[in-house]
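Source file: model_38.cif; contents: mmCIF, C-alpha atoms and all ligand atoms.
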```cif
data_data
loop_
_atom_site.group_PDB
_atom_site.id
_atom_site.type_symbol
_atom_site.label_atom_id
_atom_site.label_comp_id
_atom_site.auth_asym_id
_atom_site.auth_seq_id
_atom_site.Cartn_x
_atom_site.Cartn_y
_atom_site.Cartn_z
ATOM 1 C CA MET C 26 -209.183 -103.015 -69.419
ATOM 2 C CA MET C 27 -208.362 -99.557 -70.591
ATOM 3 C CA ARG C 28 -208.848 -99.103 -74.293
ATOM 4 C CA GLN C 29 -205.444 -99.284 -75.916
ATOM 5 C CA ASN C 30 -204.741 -96.422 -78.226
ATOM 6 C CA TRP C 31 -201.546 -97.345 -79.994
ATOM 7 C CA GLY C 32 -200.109 -95.112 -82.602
ATOM 8 C CA SER C 33 -196.739 -96.679 -81.986
ATOM 9 C CA ASP C 34 -197.056 -100.161 -83.491
ATOM 10 C CA ALA C 35 -194.377 -99.454 -86.114
ATOM 11 C CA ARG C 36 -192.101 -98.010 -83.441
ATOM 12 C CA HIS C 37 -192.582 -101.003 -81.151
ATOM 13 C CA ARG C 38 -191.809 -103.411 -84.007
ATOM 14 C CA GLN C 39 -188.655 -101.495 -84.848
ATOM 15 C CA PHE C 40 -187.640 -101.451 -81.180
ATOM 16 C CA MET C 41 -188.223 -105.204 -80.769
ATOM 17 C CA THR C 42 -185.991 -105.864 -83.778
ATOM 18 C CA ASN C 43 -183.257 -103.265 -83.369
ATOM 19 C CA GLY C 44 -183.441 -102.002 -79.805
ATOM 20 C CA VAL C 45 -182.660 -98.392 -78.955
ATOM 21 C CA PRO C 46 -179.813 -96.870 -81.038
ATOM 22 C CA GLU C 47 -176.699 -95.289 -79.562
ATOM 23 C CA PRO C 48 -176.035 -92.899 -77.953
ATOM 24 C CA TYR C 49 -179.462 -93.348 -76.365
ATOM 25 C CA ALA C 50 -179.083 -97.027 -75.501
ATOM 26 C CA SER C 51 -176.592 -96.308 -72.734
ATOM 27 C CA MET C 52 -178.305 -93.207 -71.304
ATOM 28 C CA ARG C 53 -179.605 -93.206 -67.738
ATOM 29 C CA ASP C 54 -181.627 -90.538 -66.000
ATOM 30 C CA PRO C 55 -179.152 -88.308 -64.099
ATOM 31 C CA LEU C 56 -181.840 -86.411 -62.153
ATOM 32 C CA PRO C 57 -182.857 -87.261 -58.568
ATOM 33 C CA ASP C 58 -186.279 -88.805 -57.923
ATOM 34 C CA THR C 59 -187.916 -85.817 -56.302
ATOM 35 C CA LEU C 60 -191.307 -84.155 -56.377
ATOM 36 C CA GLN C 61 -189.624 -81.086 -57.884
ATOM 37 C CA VAL C 62 -188.500 -83.114 -60.872
ATOM 38 C CA LEU C 63 -191.970 -84.621 -61.237
ATOM 39 C CA ALA C 64 -193.522 -81.166 -61.062
ATOM 40 C CA ARG C 65 -191.155 -79.909 -63.748
ATOM 41 C CA GLY C 66 -192.039 -82.926 -65.867
ATOM 42 C CA ARG C 67 -195.700 -82.179 -65.481
ATOM 43 C CA THR C 68 -195.142 -78.575 -66.569
ATOM 44 C CA VAL C 69 -193.291 -79.810 -69.661
ATOM 45 C CA PHE C 70 -196.059 -82.320 -70.356
ATOM 46 C CA ASP C 71 -198.895 -79.815 -69.951
ATOM 47 C CA GLY C 72 -197.201 -77.232 -72.142
ATOM 48 C CA THR C 73 -195.606 -79.417 -74.811
ATOM 49 C CA CYS C 74 -197.212 -82.845 -75.008
ATOM 50 C CA ALA C 75 -200.832 -82.634 -73.857
ATOM 51 C CA SER C 76 -201.970 -80.920 -77.077
ATOM 52 C CA CYS C 77 -201.468 -84.213 -78.930
ATOM 53 C CA HIS C 78 -201.382 -86.854 -76.199
ATOM 54 C CA GLY C 79 -204.336 -85.399 -74.288
ATOM 55 C CA ALA C 80 -204.538 -83.580 -70.958
ATOM 56 C CA ARG C 81 -204.289 -86.896 -69.110
ATOM 57 C CA GLY C 82 -202.014 -88.573 -71.623
ATOM 58 C CA LEU C 83 -204.605 -90.966 -72.994
ATOM 59 C CA GLY C 84 -203.759 -90.181 -76.609
ATOM 60 C CA ASN C 85 -206.779 -88.038 -77.345
ATOM 61 C CA GLY C 86 -205.467 -84.481 -77.648
ATOM 62 C CA GLU C 87 -207.078 -82.099 -80.108
ATOM 63 C CA ALA C 88 -203.856 -81.437 -82.063
ATOM 64 C CA GLY C 89 -203.344 -85.156 -82.541
ATOM 65 C CA SER C 90 -206.825 -86.015 -83.737
ATOM 66 C CA GLU C 91 -205.918 -85.839 -87.428
ATOM 67 C CA LEU C 92 -202.593 -87.645 -87.144
ATOM 68 C CA SER C 93 -202.082 -91.096 -88.593
ATOM 69 C CA PRO C 94 -200.869 -93.018 -86.739
ATOM 70 C CA PRO C 95 -202.484 -91.311 -83.730
ATOM 71 C CA PRO C 96 -200.629 -90.207 -80.585
ATOM 72 C CA SER C 97 -200.071 -93.028 -78.118
ATOM 73 C CA ASN C 98 -201.754 -93.610 -74.806
ATOM 74 C CA LEU C 99 -198.894 -92.676 -72.482
ATOM 75 C CA VAL C 100 -200.676 -93.875 -69.334
ATOM 76 C CA ALA C 101 -200.783 -97.401 -70.700
ATOM 77 C CA LEU C 102 -197.155 -97.056 -71.790
ATOM 78 C CA ALA C 103 -196.096 -96.450 -68.196
ATOM 79 C CA ALA C 104 -197.145 -100.008 -67.368
ATOM 80 C CA MET C 105 -195.008 -101.630 -70.093
ATOM 81 C CA PRO C 106 -191.649 -102.665 -68.597
ATOM 82 C CA MET C 107 -189.589 -102.416 -71.784
ATOM 83 C CA MET C 108 -191.116 -99.217 -73.091
ATOM 84 C CA ARG C 109 -190.941 -97.301 -69.835
ATOM 85 C CA SER C 110 -187.142 -97.554 -69.674
ATOM 86 C CA ASP C 111 -184.884 -94.502 -69.562
ATOM 87 C CA PRO C 112 -183.197 -95.112 -72.957
ATOM 88 C CA TYR C 113 -186.423 -95.855 -74.827
ATOM 89 C CA LEU C 114 -188.320 -92.828 -73.569
ATOM 90 C CA TYR C 115 -185.437 -90.383 -73.953
ATOM 91 C CA TRP C 116 -184.798 -91.649 -77.493
ATOM 92 C CA VAL C 117 -188.441 -91.330 -78.557
ATOM 93 C CA ILE C 118 -188.801 -87.822 -77.150
ATOM 94 C CA ALA C 119 -185.428 -86.579 -78.462
ATOM 95 C CA GLU C 120 -185.686 -88.014 -81.977
ATOM 96 C CA GLY C 121 -189.440 -88.131 -82.568
ATOM 97 C CA GLY C 122 -190.950 -90.161 -85.367
ATOM 98 C CA ALA C 123 -189.245 -88.847 -88.505
ATOM 99 C CA ALA C 124 -187.387 -92.123 -89.063
ATOM 100 C CA ILE C 125 -190.605 -94.141 -88.972
ATOM 101 C CA GLY C 126 -192.835 -91.555 -90.637
ATOM 102 C CA THR C 127 -195.013 -90.510 -87.697
ATOM 103 C CA GLY C 128 -196.105 -87.109 -86.426
ATOM 104 C CA MET C 129 -194.261 -87.403 -83.105
ATOM 105 C CA PRO C 130 -191.983 -84.296 -83.084
ATOM 106 C CA ALA C 131 -188.261 -84.429 -82.209
ATOM 107 C CA PHE C 132 -187.668 -82.402 -79.049
ATOM 108 C CA LYS C 133 -183.883 -82.521 -78.780
ATOM 109 C CA GLY C 134 -183.590 -78.960 -80.094
ATOM 110 C CA ALA C 135 -186.706 -77.597 -78.387
ATOM 111 C CA LEU C 136 -186.245 -78.961 -74.847
ATOM 112 C CA THR C 137 -183.154 -79.131 -72.637
ATOM 113 C CA SER C 138 -181.976 -82.580 -71.631
ATOM 114 C CA ASP C 139 -183.128 -81.857 -68.054
ATOM 115 C CA ASP C 140 -186.600 -81.054 -69.382
ATOM 116 C CA ILE C 141 -186.638 -84.299 -71.325
ATOM 117 C CA TRP C 142 -185.486 -86.327 -68.290
ATOM 118 C CA SER C 143 -188.115 -84.587 -66.150
ATOM 119 C CA VAL C 144 -190.900 -85.549 -68.498
ATOM 120 C CA VAL C 145 -189.441 -89.073 -68.750
ATOM 121 C CA GLN C 146 -189.759 -89.375 -64.937
ATOM 122 C CA PHE C 147 -193.251 -87.961 -65.117
ATOM 123 C CA LEU C 148 -194.272 -90.592 -67.689
ATOM 124 C CA GLN C 149 -192.623 -93.384 -65.686
ATOM 125 C CA ALA C 150 -194.566 -92.272 -62.608
ATOM 126 C CA GLY C 151 -197.828 -92.666 -64.512
ATOM 127 C CA LEU C 152 -198.462 -88.950 -65.181
ATOM 128 C CA PRO C 153 -199.582 -87.989 -61.648
ATOM 129 C CA GLY C 154 -201.861 -84.963 -61.727
ATOM 130 C CA ALA C 155 -201.810 -84.600 -65.522
ATOM 131 C CA GLY C 156 -204.729 -82.505 -66.679
ATOM 132 C CA LEU C 157 -205.362 -81.239 -63.170
ATOM 133 C CA PRO C 158 -203.470 -77.918 -63.135
ATOM 134 C CA GLY C 159 -202.712 -76.734 -59.661
ATOM 135 C CA ALA C 160 -203.426 -80.121 -58.127
ATOM 136 C CA ASP C 161 -200.870 -81.250 -55.596
ATOM 137 C CA LEU C 162 -198.731 -84.114 -56.708
ATOM 138 C CA PRO C 163 -199.415 -87.302 -54.781
ATOM 139 C CA GLU C 164 -196.592 -88.534 -52.562
ATOM 140 C CA THR C 165 -196.095 -91.530 -54.789
ATOM 141 C CA GLY C 166 -196.895 -91.465 -58.469
ATOM 142 C CA GLY C 167 -199.064 -94.432 -59.242
ATOM 143 C CA SER C 168 -199.844 -95.877 -62.634
ATOM 144 C CA GLU C 169 -203.424 -96.680 -61.737
ATOM 145 C CA GLU C 170 -206.097 -95.891 -64.274
ATOM 146 C CA ARG C 171 -207.938 -92.640 -63.920
HETATM 147 C C1 LIG U 1 -197.743 -83.119 -82.794
HETATM 148 C C2 LIG U 1 -198.278 -84.138 -81.912
HETATM 149 C C3 LIG U 1 -197.389 -84.684 -80.792
HETATM 150 C C4 LIG U 1 -196.787 -83.978 -79.778
HETATM 151 C C5 LIG U 1 -196.813 -82.480 -79.539
HETATM 152 C C6 LIG U 1 -196.120 -84.960 -78.954
HETATM 153 N N1 LIG U 1 -196.311 -86.211 -79.454
HETATM 154 FE FE1 LIG U 1 -195.586 -87.965 -78.651
HETATM 155 N N2 LIG U 1 -196.379 -89.002 -80.213
HETATM 156 C C7 LIG U 1 -197.133 -88.461 -81.231
HETATM 157 C C8 LIG U 1 -197.530 -89.525 -82.134
HETATM 158 C C9 LIG U 1 -198.358 -89.353 -83.396
HETATM 159 C C10 LIG U 1 -197.004 -90.735 -81.610
HETATM 160 C C11 LIG U 1 -197.190 -92.156 -82.156
HETATM 161 C C12 LIG U 1 -196.199 -92.500 -83.217
HETATM 162 C C13 LIG U 1 -194.791 -92.713 -82.698
HETATM 163 O O1 LIG U 1 -194.577 -93.521 -81.780
HETATM 164 O O2 LIG U 1 -193.883 -92.032 -83.219
HETATM 165 C C14 LIG U 1 -196.264 -90.357 -80.402
HETATM 166 C C15 LIG U 1 -195.554 -91.254 -79.616
HETATM 167 C C16 LIG U 1 -194.945 -90.938 -78.426
HETATM 168 C C17 LIG U 1 -194.267 -91.892 -77.574
HETATM 169 C C18 LIG U 1 -194.052 -93.372 -77.864
HETATM 170 C C19 LIG U 1 -195.160 -94.157 -77.209
HETATM 171 C C20 LIG U 1 -195.002 -95.648 -77.348
HETATM 172 O O3 LIG U 1 -196.026 -96.348 -77.218
HETATM 173 O O4 LIG U 1 -193.907 -96.138 -77.555
HETATM 174 C C21 LIG U 1 -193.834 -91.201 -76.475
HETATM 175 C C22 LIG U 1 -193.068 -91.759 -75.283
HETATM 176 C C23 LIG U 1 -194.238 -89.826 -76.660
HETATM 177 N N3 LIG U 1 -194.895 -89.695 -77.845
HETATM 178 C C24 LIG U 1 -193.982 -88.822 -75.746
HETATM 179 C C25 LIG U 1 -194.231 -87.474 -75.988
HETATM 180 C C26 LIG U 1 -193.821 -86.418 -75.089
HETATM 181 C C27 LIG U 1 -193.158 -86.632 -73.750
HETATM 182 C C28 LIG U 1 -194.184 -85.246 -75.684
HETATM 183 C C29 LIG U 1 -193.923 -83.839 -75.193
HETATM 184 C C30 LIG U 1 -192.536 -83.519 -74.879
HETATM 185 C C31 LIG U 1 -194.848 -85.578 -76.937
HETATM 186 N N4 LIG U 1 -194.848 -86.933 -77.084
HETATM 187 C C32 LIG U 1 -195.393 -84.653 -77.823
HETATM 188 C C33 LIG U 1 -197.484 -87.137 -81.393
HETATM 189 C C34 LIG U 1 -197.074 -86.096 -80.575
#
```
Let's see the structure in the file written out as structure tokens.
Ligand code: HEC
Amino acid sequence: MMRQNWGSDARHRQFMTNGVPEPYASMRDPLPDTLQVLARGRTVFDGTCASCHGARGLGNGEAGSELSPPPSNLVALAAMPMMRSDPYLYWVIAEGGAAIGTGMPAFKGALTSDDIWSVVQFLQAGLPGAGLPGADLPETGGSEER
């Protein structure tokens, strides 16, 4: 088993009780499932998320090392059916953790919605090639452990 690295216990409890709020609850990814979208998502991840979540998304980035709760392991998240949904991921990334007092930033002003959907797809695919700049994306993004 991969070591779980959950900084999102409070978030998961809130989600189990209240679900995802509107307008996010009814949002669905409008982008096609293409390698171009995945590549864009990886660029967003490398430039915007890896500092806290780690180059491979395991939750161990330098900028997140002092945060309490710590950044989540996003590779493990990709394997959780309820958490990997379009509405949940878009909501978390757009609104961040202000409402639950965590250090997860809100990206709705900093990223376009296409950038957010791209990184959502990249997370759902299991972060293929994260931390391996220049590496070709695999034909299918797996969620296998690295
Ligand atoms: C300043 C550090 C920081 C940055 C930068 C950051 N995050 Fe986070 N993130 C956190 C922390 C801390 C948590 C855990 C607390 C929470 O869930 O709010 C978290 C939680 C999450 C979760 C919820 C995980 C779960 O288990 O439910 C997702 C999804 C996520 N981040 C995605 C991203 C994406 C995508 C980016 C880049 C666009 C990003 N984060 C950038 C700190 C960061």
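Distance-wise, CA of Ala101 (chain C) and atom N4 of ligand LIG 1 (chain U) end up 13.6 Å apart.
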Each residue of region 31-54 of chain C lying at most 12 Å from region 133-150 of chain C should get a row with its shortest atom-to-atom pair and the distance in Å to one decimal, counting all atoms listed in the file; could you produce that, ordered by chain and increasing number, as a tab-separated table?
```
residue	atom	partner	partner_atom	distance
C:Tyr49	CA	C:Lys133	CA	11.9
C:Met52	CA	C:Trp142	CA	10.4
C:Arg53	CA	C:Trp142	CA	9.1
C:Asp54	CA	C:Trp142	CA	6.2
```
CA of Ala104 (chain C) and CA of Gly72 (chain C) are how many Å apart?
23.3 Å
Cut-off 7 Å, all atoms listed in the file, neighbours of ligand LIG 1 (chain U) as a PyMOL selection string
chain C and resi 31-33+36-37+69-70+73-78+88-89+92-99+102+108+114+117-118+121-122+125+127-130+132+141+144-145
By how many Å are CA of Gly44 (chain C) and CA of Pro112 (chain C) apart?
9.7 Å
Which residues, written as a CSV table (one decimal) with C-alpha atoms, keeping the file's coordinate frame, have at least one atom at most 10 Å from Pro46 (chain C), with only C-alpha atoms counted and residues fewer than 4 positions away on the same chain left out?
```csv
chain,number,residue,atom,x,y,z
C,40,PHE,CA,-187.6,-101.5,-81.2
C,50,ALA,CA,-179.1,-97.0,-75.5
C,51,SER,CA,-176.6,-96.3,-72.7
C,112,PRO,CA,-183.2,-95.1,-73.0
C,113,TYR,CA,-186.4,-95.9,-74.8
C,116,TRP,CA,-184.8,-91.6,-77.5
```
Grab all the atoms of region 58-65 of chain C that the file lists, wrap them in a box along x, y and z, add 8 Å per side, and give me centre plus edge lengths in Å (one decimal) as lines of an AutoDock Vina configuration file.
```
center_x = -189.9
center_y = -84.4
center_z = -60.0
size_x = 23.2
size_y = 24.9
size_z = 23.4
```
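Proximity of C:Val45, C:Ala131, C:Gly156, C:Pro57 to Ser110 (chain C), computed with only C-alpha atoms, is greatest for C:Val45.
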